[in-house]
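Listing of run_6.cif, mmCIF, C-alpha atoms and all ligand atoms
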```
data_work
#
loop_
_atom_site.label_atom_id
_atom_site.label_comp_id
_atom_site.auth_asym_id
_atom_site.auth_seq_id
_atom_site.Cartn_x
_atom_site.Cartn_y
_atom_site.Cartn_z
CA MET A 1 28.92 -13.53 -0.74
CA ALA A 2 27.94 -10.13 0.65
CA ASN A 3 24.53 -8.76 1.37
CA ARG A 4 23.57 -5.13 0.83
CA ARG A 5 20.98 -3.56 3.11
CA TRP A 6 19.66 -0.09 3.89
CA ILE A 7 19.86 1.28 7.40
CA LEU A 8 18.33 4.40 8.89
CA ARG A 9 21.18 6.88 9.34
CA THR A 10 19.21 9.93 10.55
CA ARG A 11 15.55 10.65 11.14
CA PRO A 12 14.12 12.77 8.31
CA GLU A 13 12.80 16.23 8.98
CA GLY A 14 9.96 16.79 6.54
CA ASP A 15 10.62 15.13 3.18
CA ILE A 16 13.06 12.22 3.13
CA SER A 17 16.46 13.41 1.95
CA GLU A 18 19.59 11.75 0.70
CA GLY A 19 21.67 10.75 3.69
CA ASP A 20 18.72 9.75 5.89
CA LEU A 21 19.40 6.22 4.68
CA GLU A 22 22.69 4.45 4.09
CA LEU A 23 23.44 1.33 2.05
CA ILE A 24 25.84 -0.96 3.89
CA GLU A 25 27.39 -4.34 3.15
CA VAL A 26 27.10 -7.16 5.63
CA ALA A 27 28.31 -10.76 5.50
CA ILE A 28 25.76 -13.50 5.04
CA PRO A 29 26.01 -15.76 8.07
CA ASP A 30 26.15 -19.57 7.90
CA LEU A 31 22.73 -21.10 8.35
CA ASP A 32 21.71 -22.69 11.62
CA GLU A 33 19.48 -25.74 11.68
CA GLY A 34 15.93 -24.71 10.73
CA GLU A 35 17.00 -21.61 8.75
CA ILE A 36 16.78 -20.78 5.06
CA LEU A 37 18.66 -18.31 2.89
CA VAL A 38 16.49 -16.30 0.53
CA ARG A 39 17.62 -14.25 -2.44
CA ASN A 40 15.06 -11.46 -2.52
CA ILE A 41 13.26 -10.69 -5.76
CA TYR A 42 10.96 -7.82 -4.77
CA LEU A 43 11.04 -5.29 -1.96
CA SER A 44 7.84 -3.48 -1.09
CA VAL A 45 8.24 0.23 -0.41
CA ASP A 46 5.24 1.79 1.27
CA PRO A 47 4.04 5.13 2.65
CA THR A 48 4.32 3.65 6.13
CA ASN A 49 8.11 3.48 5.73
CA ARG A 50 8.05 7.22 6.36
CA ILE A 51 6.01 6.73 9.56
CA TRP A 52 8.51 4.15 10.81
CA MET A 53 11.40 6.57 10.22
CA SER A 54 10.01 9.04 12.77
CA ASP A 55 10.25 8.66 16.52
CA ILE A 56 6.51 8.92 17.11
CA ASP A 57 3.97 6.94 19.07
CA ALA A 58 2.48 5.11 16.08
CA TYR A 59 0.99 1.64 15.65
CA MET A 60 4.35 -0.11 15.93
CA PRO A 61 7.77 0.98 17.21
CA PRO A 62 9.87 3.15 14.92
CA VAL A 63 12.97 1.86 13.16
CA GLU A 64 15.86 2.86 15.41
CA VAL A 65 18.72 4.95 14.00
CA GLY A 66 21.45 2.55 12.84
CA GLU A 67 18.96 -0.30 12.40
CA PRO A 68 17.89 -1.81 9.05
CA MET A 69 14.90 -0.30 7.26
CA ARG A 70 11.78 -2.39 7.63
CA GLY A 71 9.90 -3.62 4.57
CA ARG A 72 8.41 -6.82 3.18
CA THR A 73 10.33 -8.91 0.64
CA TRP A 74 9.51 -11.86 -1.60
CA GLY A 75 12.30 -14.12 -2.82
CA THR A 76 13.68 -17.49 -3.83
CA VAL A 77 15.18 -19.97 -1.40
CA ILE A 78 18.80 -20.61 -2.38
CA LYS A 79 19.86 -22.70 0.64
CA SER A 80 17.80 -24.57 3.16
CA ARG A 81 18.44 -26.22 6.47
CA HIS A 82 14.79 -27.05 6.99
CA GLU A 83 13.04 -30.01 5.43
CA GLY A 84 9.97 -27.92 4.54
CA PHE A 85 11.88 -25.72 2.08
CA ARG A 86 13.99 -26.48 -0.99
CA ALA A 87 16.16 -24.33 -3.19
CA GLY A 88 13.92 -22.70 -5.80
CA ASP A 89 10.88 -22.29 -3.53
CA VAL A 90 9.39 -18.81 -3.58
CA VAL A 91 8.63 -17.40 -0.14
CA THR A 92 7.77 -14.19 1.66
CA GLY A 93 8.64 -13.34 5.25
CA GLY A 94 11.70 -11.10 4.99
CA LEU A 95 11.13 -7.74 6.66
CA ILE A 96 14.32 -5.83 5.86
CA TRP A 97 15.40 -3.70 2.89
CA GLU A 98 18.12 -6.14 1.80
CA GLU A 99 19.18 -8.42 -1.04
CA TYR A 100 19.46 -11.67 0.94
CA SER A 101 17.50 -12.68 4.04
CA VAL A 102 18.14 -15.45 6.51
CA LEU A 103 14.77 -16.59 7.82
CA ARG A 104 13.76 -19.04 10.50
CA HIS A 105 11.49 -21.61 8.85
CA ALA A 106 8.50 -20.35 10.88
CA GLU A 107 8.94 -16.82 9.46
CA ALA A 108 8.86 -17.94 5.82
CA VAL A 109 5.53 -18.24 4.06
CA PRO A 110 5.66 -20.41 0.92
CA MET A 111 4.00 -18.89 -2.14
CA ASN A 112 2.00 -21.39 -4.15
CA LEU A 113 2.05 -19.41 -7.31
CA GLY A 114 -1.14 -19.99 -9.29
CA LEU A 115 -0.86 -16.35 -10.35
CA PRO A 116 2.18 -14.20 -11.12
CA LEU A 117 4.35 -13.28 -8.13
CA GLU A 118 3.55 -9.62 -8.87
CA ALA A 119 -0.09 -10.32 -7.92
CA PHE A 120 1.03 -11.50 -4.48
CA THR A 121 3.05 -8.34 -3.94
CA SER A 122 0.08 -6.10 -4.71
CA VAL A 123 -3.55 -7.12 -5.05
CA LEU A 124 -3.10 -10.34 -3.04
CA GLY A 125 -0.56 -8.77 -0.65
CA PRO A 126 -1.01 -6.31 2.21
CA ALA A 127 -2.28 -3.50 -0.07
CA GLY A 128 -5.06 -5.60 -1.60
CA MET A 129 -5.94 -7.10 1.75
CA THR A 130 -6.24 -3.60 3.21
CA ALA A 131 -8.72 -2.70 0.49
CA PHE A 132 -10.68 -5.92 1.01
CA TRP A 133 -10.97 -5.73 4.80
CA GLY A 134 -11.40 -1.96 4.88
CA LEU A 135 -14.50 -2.26 2.73
CA SER A 136 -15.91 -5.56 4.00
CA ASP A 137 -15.38 -4.91 7.68
CA ILE A 138 -15.62 -1.13 8.03
CA GLY A 139 -17.02 0.66 4.97
CA LYS A 140 -19.69 -2.00 4.28
CA PRO A 141 -20.98 -0.29 1.13
CA ARG A 142 -24.43 -1.23 -0.12
CA PRO A 143 -25.40 -1.50 -3.81
CA GLY A 144 -26.25 1.90 -5.24
CA GLU A 145 -24.26 3.85 -2.65
CA THR A 146 -21.51 6.28 -3.62
CA LEU A 147 -18.00 5.27 -2.59
CA VAL A 148 -15.11 7.73 -2.88
CA VAL A 149 -11.56 6.38 -2.91
CA SER A 150 -8.53 8.66 -2.65
CA ALA A 151 -5.07 7.80 -4.06
CA ALA A 152 -7.23 5.84 -6.50
CA ALA A 153 -4.45 4.91 -8.94
CA GLY A 154 -2.26 3.54 -6.16
CA ALA A 155 -1.75 0.10 -4.71
CA THR A 156 -4.56 0.16 -2.16
CA GLY A 157 -6.99 2.62 -3.74
CA SER A 158 -7.02 0.89 -7.13
CA VAL A 159 -8.16 -2.34 -5.49
CA ALA A 160 -10.63 -0.68 -3.10
CA GLY A 161 -12.42 0.99 -6.01
CA GLN A 162 -12.66 -2.20 -8.03
CA ILE A 163 -14.07 -4.09 -5.04
CA GLY A 164 -16.55 -1.24 -4.62
CA LYS A 165 -17.69 -1.81 -8.21
CA ILE A 166 -18.13 -5.54 -7.52
CA MET A 167 -20.22 -4.56 -4.47
CA GLY A 168 -22.50 -2.52 -6.75
CA CYS A 169 -21.48 1.03 -5.81
CA ARG A 170 -21.03 4.16 -7.81
CA VAL A 171 -17.28 4.57 -7.38
CA VAL A 172 -15.48 7.89 -7.66
CA GLY A 173 -11.70 8.07 -7.45
CA VAL A 174 -9.48 10.98 -6.48
CA ALA A 175 -6.08 10.95 -8.17
CA GLY A 176 -3.33 13.33 -9.21
CA GLY A 177 -3.31 14.23 -12.92
CA SER A 178 -5.24 13.34 -16.06
CA LEU A 179 -3.09 10.30 -16.87
CA LYS A 180 -3.95 8.69 -13.55
CA CYS A 181 -7.61 9.67 -13.80
CA GLY A 182 -7.77 8.10 -17.27
CA TYR A 183 -6.27 4.88 -15.89
CA VAL A 184 -8.76 4.87 -13.01
CA THR A 185 -11.85 5.20 -15.19
CA GLU A 186 -10.77 3.42 -18.37
CA GLN A 187 -8.69 0.54 -17.03
CA LEU A 188 -10.05 0.09 -13.52
CA GLY A 189 -13.70 0.82 -14.34
CA PHE A 190 -14.41 3.54 -11.76
CA ASP A 191 -17.47 5.63 -12.69
CA ALA A 192 -15.58 8.91 -12.37
CA CYS A 193 -12.29 10.31 -11.18
CA VAL A 194 -11.49 13.80 -9.96
CA ASP A 195 -8.04 15.31 -10.28
CA HIS A 196 -6.89 16.82 -6.98
CA ARG A 197 -4.07 18.63 -8.78
CA ALA A 198 -6.41 20.44 -11.17
CA GLY A 199 -7.89 22.78 -8.53
CA ASN A 200 -11.53 23.27 -7.62
CA LEU A 201 -11.66 19.88 -5.98
CA GLU A 202 -14.91 20.51 -4.14
CA GLU A 203 -16.74 21.50 -7.31
CA GLN A 204 -15.32 18.50 -9.19
CA LEU A 205 -16.48 16.20 -6.38
CA ARG A 206 -19.93 17.75 -6.30
CA GLN A 207 -20.35 16.99 -9.99
CA ALA A 208 -19.01 13.45 -9.66
CA CYS A 209 -21.15 12.64 -6.61
CA PRO A 210 -24.58 14.16 -7.29
CA GLU A 211 -26.14 12.09 -4.50
CA GLY A 212 -23.47 12.81 -1.90
CA ILE A 213 -20.98 10.37 -0.44
CA ASP A 214 -21.89 7.28 1.57
CA VAL A 215 -18.47 5.67 2.05
CA ASP A 216 -15.05 7.32 2.04
CA PHE A 217 -12.04 5.02 1.64
CA GLU A 218 -9.56 7.57 2.91
CA ASN A 219 -5.93 7.23 1.91
CA VAL A 220 -4.79 10.85 1.82
CA GLY A 221 -6.19 13.24 4.47
CA GLY A 222 -5.59 17.01 4.15
CA ASP A 223 -7.52 18.97 1.53
CA VAL A 224 -8.77 15.81 -0.15
CA MET A 225 -10.40 14.47 3.01
CA ASP A 226 -11.77 17.91 3.89
CA ALA A 227 -13.49 18.07 0.51
CA VAL A 228 -14.98 14.60 0.99
CA LEU A 229 -16.17 15.30 4.54
CA GLY A 230 -18.00 18.34 3.18
CA MET A 231 -20.20 16.03 1.11
CA VAL A 232 -20.90 13.04 3.33
CA ASN A 233 -24.50 11.82 3.66
CA ASN A 234 -26.24 10.89 6.89
CA HIS A 235 -24.78 7.67 8.35
CA ALA A 236 -21.80 7.68 5.99
CA ARG A 237 -18.78 5.53 6.91
CA VAL A 238 -15.16 6.64 6.68
CA VAL A 239 -12.58 3.88 6.36
CA LEU A 240 -9.54 5.68 7.74
CA CYS A 241 -6.82 3.78 5.95
CA GLY A 242 -4.11 6.39 5.47
CA LEU A 243 -3.18 10.07 5.66
CA ILE A 244 -0.27 10.19 3.24
CA SER A 245 -0.47 13.95 2.70
CA THR A 246 0.52 14.39 6.36
CA TYR A 247 3.35 11.88 6.83
CA ASN A 248 6.11 14.36 5.96
CA ARG A 249 4.78 16.95 8.38
CA GLU A 250 6.47 17.61 11.67
CA GLY A 251 4.79 18.18 15.01
CA ASP A 252 1.03 17.96 15.23
CA TRP A 253 0.09 16.31 12.01
CA TRP A 254 -3.31 17.48 10.86
CA SER A 255 -6.99 17.43 11.85
CA PRO A 256 -9.96 17.56 9.49
CA ARG A 257 -11.47 20.99 8.99
CA ARG A 258 -14.93 19.46 8.51
CA PHE A 259 -14.77 17.33 11.65
CA ARG A 260 -18.15 18.60 12.85
CA ASN A 261 -19.88 16.91 9.93
CA LEU A 262 -19.21 13.64 11.72
CA LEU A 263 -21.64 14.91 14.32
CA PHE A 264 -24.21 16.56 12.07
CA ARG A 265 -24.36 13.66 9.60
CA ARG A 266 -23.96 10.84 12.21
CA VAL A 267 -20.89 9.59 10.38
CA SER A 268 -18.79 6.75 11.72
CA MET A 269 -15.05 6.76 11.12
CA GLN A 270 -12.81 3.84 11.96
CA GLY A 271 -9.07 3.47 11.61
CA LEU A 272 -7.67 0.33 10.07
CA ILE A 273 -4.25 -1.25 10.57
CA ILE A 274 -3.78 -4.19 8.29
CA THR A 275 -1.59 -6.18 10.68
CA ASP A 276 -4.77 -6.77 12.74
CA TYR A 277 -6.12 -8.72 9.79
CA PHE A 278 -3.10 -10.96 9.14
CA PRO A 279 -4.91 -13.91 10.75
CA ARG A 280 -7.80 -13.39 8.29
CA PHE A 281 -5.76 -13.22 5.07
CA ALA A 282 -6.56 -16.85 4.33
CA GLU A 283 -10.28 -16.00 4.27
CA ALA A 284 -9.86 -13.18 1.79
CA LEU A 285 -7.23 -14.72 -0.47
CA PRO A 286 -9.39 -17.24 -2.37
CA VAL A 287 -12.09 -14.63 -2.97
CA MET A 288 -9.60 -12.07 -4.23
CA ALA A 289 -7.66 -14.62 -6.28
CA ASP A 290 -10.92 -15.64 -8.00
CA TRP A 291 -11.72 -12.01 -8.82
CA VAL A 292 -8.22 -11.55 -10.22
CA GLY A 293 -8.38 -14.84 -12.16
CA GLN A 294 -11.74 -13.85 -13.65
CA GLY A 295 -10.36 -10.46 -14.66
CA ARG A 296 -12.80 -8.63 -12.37
CA ILE A 297 -9.90 -6.99 -10.55
CA SER A 298 -6.82 -5.86 -12.41
CA TYR A 299 -3.56 -4.81 -10.79
CA ARG A 300 -0.46 -2.96 -11.76
CA VAL A 301 3.03 -2.90 -10.29
CA ASP A 302 5.46 -0.04 -10.73
CA VAL A 303 8.97 -1.47 -10.61
CA VAL A 304 12.22 0.35 -9.91
CA GLU A 305 15.35 -1.72 -10.51
CA GLY A 306 18.08 -2.40 -7.97
CA ILE A 307 18.59 -2.06 -4.23
CA THR A 308 20.51 1.20 -4.68
CA ASN A 309 17.29 2.81 -5.93
CA ALA A 310 15.10 1.86 -2.95
CA PRO A 311 15.07 5.39 -1.41
CA ARG A 312 14.23 6.82 -4.83
CA ALA A 313 11.32 4.36 -5.08
CA LEU A 314 10.03 5.55 -1.71
CA ALA A 315 10.27 9.18 -2.81
CA ARG A 316 8.19 8.35 -5.91
CA ILE A 317 5.22 7.49 -3.67
CA PHE A 318 5.33 10.89 -1.99
CA ASP A 319 5.82 12.72 -5.30
CA GLY A 320 2.86 10.82 -6.77
CA ASN A 321 5.06 9.36 -9.52
CA ASN A 322 4.00 5.76 -8.90
CA MET A 323 1.03 4.17 -10.62
CA GLY A 324 0.09 0.90 -8.92
CA LYS A 325 2.11 -0.95 -6.29
CA GLN A 326 5.61 0.47 -5.91
CA LEU A 327 8.23 -2.28 -5.82
CA VAL A 328 11.99 -2.49 -6.02
CA LYS A 329 13.32 -5.40 -8.05
CA LEU A 330 16.38 -7.02 -6.52
CA SER A 331 16.87 -10.15 -8.63
CA PRO A 332 15.10 -11.99 -11.49
CA ALA A 333 11.46 -13.00 -10.90
CA PRO A 334 9.99 -16.41 -11.86
CA SER A 335 8.32 -14.73 -14.85
CA ASP A 336 11.77 -13.64 -16.13
CA ILE A 337 13.07 -17.19 -16.27
CA GLN A 338 10.02 -19.13 -17.45
CA PRO A 339 9.88 -19.73 -21.22
N1 LIG B 401 -3.77 1.30 7.43
C1 LIG B 401 -3.10 0.35 6.82
O1 LIG B 401 -2.88 -0.75 7.33
C2 LIG B 401 -2.59 0.67 5.44
C3 LIG B 401 -2.13 -0.34 4.58
C4 LIG B 401 -1.72 0.03 3.28
C5 LIG B 401 -1.75 1.38 2.91
N2 LIG B 401 -2.20 2.30 3.81
C6 LIG B 401 -2.29 3.72 3.46
O2 LIG B 401 -2.97 3.84 2.24
C7 LIG B 401 -2.49 4.96 1.53
C8 LIG B 401 -2.04 4.51 0.14
O3 LIG B 401 -0.94 3.61 0.31
P1 LIG B 401 -0.41 2.75 -0.92
O4 LIG B 401 0.65 1.87 -0.40
O5 LIG B 401 -1.56 2.17 -1.65
O6 LIG B 401 0.31 3.87 -1.80
P2 LIG B 401 -0.05 4.35 -3.28
O7 LIG B 401 -1.48 4.78 -3.29
O8 LIG B 401 0.39 3.33 -4.25
O9 LIG B 401 0.89 5.62 -3.43
C9 LIG B 401 0.63 6.77 -2.70
C10 LIG B 401 -0.16 7.80 -3.53
O10 LIG B 401 -0.64 8.80 -2.65
C11 LIG B 401 -0.84 9.98 -3.37
N3 LIG B 401 -0.27 11.11 -2.62
C12 LIG B 401 1.00 11.22 -2.15
N4 LIG B 401 1.16 12.39 -1.53
C13 LIG B 401 -0.03 13.04 -1.63
C14 LIG B 401 -0.51 14.32 -1.21
N5 LIG B 401 0.29 15.17 -0.52
N6 LIG B 401 -1.79 14.66 -1.49
C15 LIG B 401 -2.58 13.81 -2.19
N7 LIG B 401 -2.20 12.60 -2.61
C16 LIG B 401 -0.94 12.22 -2.33
C17 LIG B 401 -0.13 9.82 -4.72
O11 LIG B 401 -1.13 9.61 -5.70
P3 LIG B 401 -1.70 10.83 -6.62
O12 LIG B 401 -0.64 11.09 -7.63
O13 LIG B 401 -2.94 10.25 -7.16
O14 LIG B 401 -1.90 11.98 -5.71
C18 LIG B 401 0.67 8.55 -4.56
O15 LIG B 401 0.83 7.86 -5.75
C19 LIG B 401 -1.37 5.56 2.37
O16 LIG B 401 -1.89 6.60 3.15
C20 LIG B 401 -0.95 4.40 3.26
O17 LIG B 401 -0.38 4.83 4.47
C21 LIG B 401 -2.60 1.97 5.05
#
```
The structure in this file should be written as structure tokens.
Ligand SMILES: NC(=O)c1ccc[n+]([C@@H]2O[C@H](COP(=O)([O-])OP(=O)(O)OC[C@H]3O[C@@H](n4cnc5c(N)ncnc54)[C@H](OP(=O)(O)O)[C@@H]3O)[C@@H](O)[C@H]2O)c1
Amino acid sequence: MANRRWILRTRPEGDISEGDLELIEVAIPDLDEGEILVRNIYLSVDPTNRIWMSDIDAYMPPVEVGEPMRGRTWGTVIKSRHEGFRAGDVVTGGLIWEEYSVLRHAEAVPMNLGLPLEAFTSVLGPAGMTAFWGLSDIGKPRPGETLVVSAAAGATGSVAGQIGKIMGCRVVGVAGGSLKCGYVTEQLGFDACVDHRAGNLEEQLRQACPEGIDVDFENVGGDVMDAVLGMVNNHARVVLCGLISTYNREGDWWSPRRFRNLLFRRVSMQGLIITDYFPRFAEALPVMADWVGQGRISYRVDVVEGITNAPRALARIFDGNNMGKQLVKLSPAPSDIQP
């Protein structure tokens, strides 16, 4: 049996291009005592993949040229040499863009699926946890305040906005295009959504946020963040979660044009890296799972089929073609085989 995996062939310059990644075949080794073999079902592709492809001083080391691409997988155990795992168990723990993963038992986290696996890849996975901790620990919105969430139709933003509604805020999304804005207001229950592709973003925001902005859940940076920083109220909080509009830029990335408003309006801005919160996932999971179970938070996955399409799936995120959590499907999911 062979395993296919993506490796980084060259570091991208600007947008990712064909040839930056290469799909190779490797043998699946025999298992040592304490190891399990997992057939991966879903691969998560994320904006941070692009950060890891560059040789920059980021929050974790880059992927080295010639090394496998890094990314979380969820899959089914097909062989086990550890008493804690049996064939058929669903686990996460793989961190490579590949079809099969050999994991040490301590690396594998069993998934006790009370909800569909897709929920664990999105709203109950790193994206949902980022939304939860970004708001509860940094943004701390109070009822009646105005929360703006950029990339609002995406994996993280869609959850952040819905949590903001549960917390009693007026929630305004920023998304690209009328289809996404319709999804954000009609399906996710945001109070308003402004379309950053329609032009006149500042005017649109002014109309959507008549009382200014108290919390910015920032996923995008660039013109979107500049427009938001122009409207922040005194003592506003910025949850600096992501700057996707800048990840394909070379050299000095970007600085906000309205930086001085942090001074004038006494704004606090704090960066968030979700790995810091891994030890606290267990605190957030039951709360989030309840909200999902009660239908107070909905989620959406955007699935591209097959390992060969993983780079295309990553490009979709940067083109804004994804709606919800972008995944690559590598083999059948439990929901495919249940009656
Ligand atoms: N700090 C952390 O630990 C952490 C964890 C998870 C995610 N994040 C960050 O959160 C952000 C969202 O990540 P995600 O995984 O949830 O992805 P996502 O929102 O599902 O997908 C990314 C979205 O960003 C928007 N976008 C892409 N390029 C853009 C541009 N140039 N200008 C404006 N919008 C652009 C697109 O939406 P539109 O079509 O609506 O423009 C796209 O669909 C990213 O910045 C990511 O790095 C950070």
Residues at most 12 Å from A:Thr185, counting only C-alpha atoms, excluding those fewer than 3 positions away in the same chain, as number ranges by chain?
-> A: 152-153, 158, 161-162, 165, 170-175, 178-182, 188-195
Dump C-alpha atoms for the selected residues as a compact mmCIF listing (two decimals), in the frame of the given file?
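Output contents, as saved in again-v2.txt:
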```txt
# COMPACT_ATOMS: atom_id res chain seq x y z
CA ALA A 152 -7.23 5.84 -6.50
CA ALA A 153 -4.45 4.91 -8.94
CA SER A 158 -7.02 0.89 -7.13
CA GLY A 161 -12.42 0.99 -6.01
CA GLN A 162 -12.66 -2.20 -8.03
CA LYS A 165 -17.69 -1.81 -8.21
CA ARG A 170 -21.03 4.16 -7.81
CA VAL A 171 -17.28 4.57 -7.38
CA VAL A 172 -15.48 7.89 -7.66
CA GLY A 173 -11.70 8.07 -7.45
CA VAL A 174 -9.48 10.98 -6.48
CA ALA A 175 -6.08 10.95 -8.17
CA SER A 178 -5.24 13.34 -16.06
CA LEU A 179 -3.09 10.30 -16.87
CA LYS A 180 -3.95 8.69 -13.55
CA CYS A 181 -7.61 9.67 -13.80
CA GLY A 182 -7.77 8.10 -17.27
CA LEU A 188 -10.05 0.09 -13.52
CA GLY A 189 -13.70 0.82 -14.34
CA PHE A 190 -14.41 3.54 -11.76
CA ASP A 191 -17.47 5.63 -12.69
CA ALA A 192 -15.58 8.91 -12.37
CA CYS A 193 -12.29 10.31 -11.18
CA VAL A 194 -11.49 13.80 -9.96
CA ASP A 195 -8.04 15.31 -10.28
```
Work out how far atom CA of A:Ser298 is from atom CA of A:Met225, in Å to one decimal.
-> 25.8 Å
Quick one: residues within 9 Å of A:Ile307, only C-alpha atoms, excluding same-chain residues fewer than 3 positions away - as a PDB file with C-alpha atoms, in the frame of the given file?
```pdb
ATOM      1  CA  ARG A   4      23.570  -5.130   0.830  1.00  0.00           C
ATOM      2  CA  ARG A   5      20.980  -3.560   3.110  1.00  0.00           C
ATOM      3  CA  TRP A   6      19.660  -0.090   3.890  1.00  0.00           C
ATOM      4  CA  LEU A  23      23.440   1.330   2.050  1.00  0.00           C
ATOM      5  CA  LEU A  43      11.040  -5.290  -1.960  1.00  0.00           C
ATOM      6  CA  TRP A  97      15.400  -3.700   2.890  1.00  0.00           C
ATOM      7  CA  GLU A  98      18.120  -6.140   1.800  1.00  0.00           C
ATOM      8  CA  GLU A  99      19.180  -8.420  -1.040  1.00  0.00           C
ATOM      9  CA  VAL A 304      12.220   0.350  -9.910  1.00  0.00           C
ATOM     10  CA  ALA A 310      15.100   1.860  -2.950  1.00  0.00           C
ATOM     11  CA  PRO A 311      15.070   5.390  -1.410  1.00  0.00           C
ATOM     12  CA  VAL A 328      11.990  -2.490  -6.020  1.00  0.00           C
ATOM     13  CA  LYS A 329      13.320  -5.400  -8.050  1.00  0.00           C
ATOM     14  CA  LEU A 330      16.380  -7.020  -6.520  1.00  0.00           C
TER      15      LEU A 330
END
```
Exercise: A:Val26 partners within 7 Å, all atoms listed in the file, chain neighbours under 2 positions left out, as a compact mmCIF listing (two decimals) with C-alpha atoms, keeping the file's coordinate frame:
```
# COMPACT_ATOMS: atom_id res chain seq x y z
CA ALA A 2 27.94 -10.13 0.65
CA ASN A 3 24.53 -8.76 1.37
CA ARG A 4 23.57 -5.13 0.83
CA ILE A 24 25.84 -0.96 3.89
CA ILE A 28 25.76 -13.50 5.04
```
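The nearest approach to A:Phe132 among the residues A:Glu203, A:Asp30, A:Glu283, A:Asp252, with only C-alpha atoms taken into account, belongs to A:Glu283.
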For chain A versus ligand LIG 401 (chain B), which residues have an atom no more than 7 Å away, and what is each residue's nearest atom pair and distance in Å rounded to one decimal, using all atoms listed in the file, chain-then-number order, as JSON lines?
```
{"residue": "A:Asp46", "atom": "CA", "partner": "B:LIG401", "partner_atom": "O4", "distance": 4.9}
{"residue": "A:Pro47", "atom": "CA", "partner": "B:LIG401", "partner_atom": "O17", "distance": 4.8}
{"residue": "A:Thr48", "atom": "CA", "partner": "B:LIG401", "partner_atom": "O17", "distance": 5.1}
{"residue": "A:Pro126", "atom": "CA", "partner": "B:LIG401", "partner_atom": "C4", "distance": 6.5}
{"residue": "A:Ala127", "atom": "CA", "partner": "B:LIG401", "partner_atom": "C4", "distance": 4.9}
{"residue": "A:Thr130", "atom": "CA", "partner": "B:LIG401", "partner_atom": "C3", "distance": 5.4}
{"residue": "A:Ala151", "atom": "CA", "partner": "B:LIG401", "partner_atom": "O13", "distance": 4.5}
{"residue": "A:Ala152", "atom": "CA", "partner": "B:LIG401", "partner_atom": "O13", "distance": 6.2}
{"residue": "A:Ala153", "atom": "CA", "partner": "B:LIG401", "partner_atom": "O13", "distance": 5.8}
{"residue": "A:Gly154", "atom": "CA", "partner": "B:LIG401", "partner_atom": "O7", "distance": 3.2}
{"residue": "A:Ala155", "atom": "CA", "partner": "B:LIG401", "partner_atom": "O5", "distance": 3.7}
{"residue": "A:Thr156", "atom": "CA", "partner": "B:LIG401", "partner_atom": "O5", "distance": 3.6}
{"residue": "A:Gly157", "atom": "CA", "partner": "B:LIG401", "partner_atom": "O5", "distance": 5.8}
{"residue": "A:Val174", "atom": "CA", "partner": "B:LIG401", "partner_atom": "O13", "distance": 6.6}
{"residue": "A:Ala175", "atom": "CA", "partner": "B:LIG401", "partner_atom": "O13", "distance": 3.4}
{"residue": "A:Gly176", "atom": "CA", "partner": "B:LIG401", "partner_atom": "O13", "distance": 3.7}
{"residue": "A:Gly177", "atom": "CA", "partner": "B:LIG401", "partner_atom": "O12", "distance": 6.7}
{"residue": "A:Lys180", "atom": "CA", "partner": "B:LIG401", "partner_atom": "O13", "distance": 6.7}
{"residue": "A:Asn219", "atom": "CA", "partner": "B:LIG401", "partner_atom": "C7", "distance": 4.1}
{"residue": "A:Val220", "atom": "CA", "partner": "B:LIG401", "partner_atom": "O16", "distance": 5.3}
{"residue": "A:Val224", "atom": "CA", "partner": "B:LIG401", "partner_atom": "C15", "distance": 6.8}
{"residue": "A:Cys241", "atom": "CA", "partner": "B:LIG401", "partner_atom": "N1", "distance": 4.2}
{"residue": "A:Gly242", "atom": "CA", "partner": "B:LIG401", "partner_atom": "O16", "distance": 3.2}
{"residue": "A:Leu243", "atom": "CA", "partner": "B:LIG401", "partner_atom": "O16", "distance": 4.5}
{"residue": "A:Ile244", "atom": "CA", "partner": "B:LIG401", "partner_atom": "O16", "distance": 3.9}
{"residue": "A:Ser245", "atom": "CA", "partner": "B:LIG401", "partner_atom": "N5", "distance": 3.5}
{"residue": "A:Thr246", "atom": "CA", "partner": "B:LIG401", "partner_atom": "N5", "distance": 6.9}
{"residue": "A:Leu272", "atom": "CA", "partner": "B:LIG401", "partner_atom": "N1", "distance": 4.8}
{"residue": "A:Ile273", "atom": "CA", "partner": "B:LIG401", "partner_atom": "O1", "distance": 3.6}
{"residue": "A:Ile274", "atom": "CA", "partner": "B:LIG401", "partner_atom": "O1", "distance": 3.7}
{"residue": "A:Thr275", "atom": "CA", "partner": "B:LIG401", "partner_atom": "O1", "distance": 6.5}
{"residue": "A:Ile317", "atom": "CA", "partner": "B:LIG401", "partner_atom": "O9", "distance": 4.7}
{"residue": "A:Phe318", "atom": "CA", "partner": "B:LIG401", "partner_atom": "C12", "distance": 4.3}
{"residue": "A:Asp319", "atom": "CA", "partner": "B:LIG401", "partner_atom": "C12", "distance": 6.0}
{"residue": "A:Gly320", "atom": "CA", "partner": "B:LIG401", "partner_atom": "O12", "distance": 3.6}
{"residue": "A:Asn321", "atom": "CA", "partner": "B:LIG401", "partner_atom": "O15", "distance": 5.9}
{"residue": "A:Asn322", "atom": "CA", "partner": "B:LIG401", "partner_atom": "O15", "distance": 4.9}
{"residue": "A:Met323", "atom": "CA", "partner": "B:LIG401", "partner_atom": "O15", "distance": 6.1}
{"residue": "A:Gly324", "atom": "CA", "partner": "B:LIG401", "partner_atom": "O8", "distance": 5.3}
{"residue": "A:Lys325", "atom": "CA", "partner": "B:LIG401", "partner_atom": "O8", "distance": 5.0}
{"residue": "A:Gln326", "atom": "CA", "partner": "B:LIG401", "partner_atom": "O8", "distance": 6.2}
```
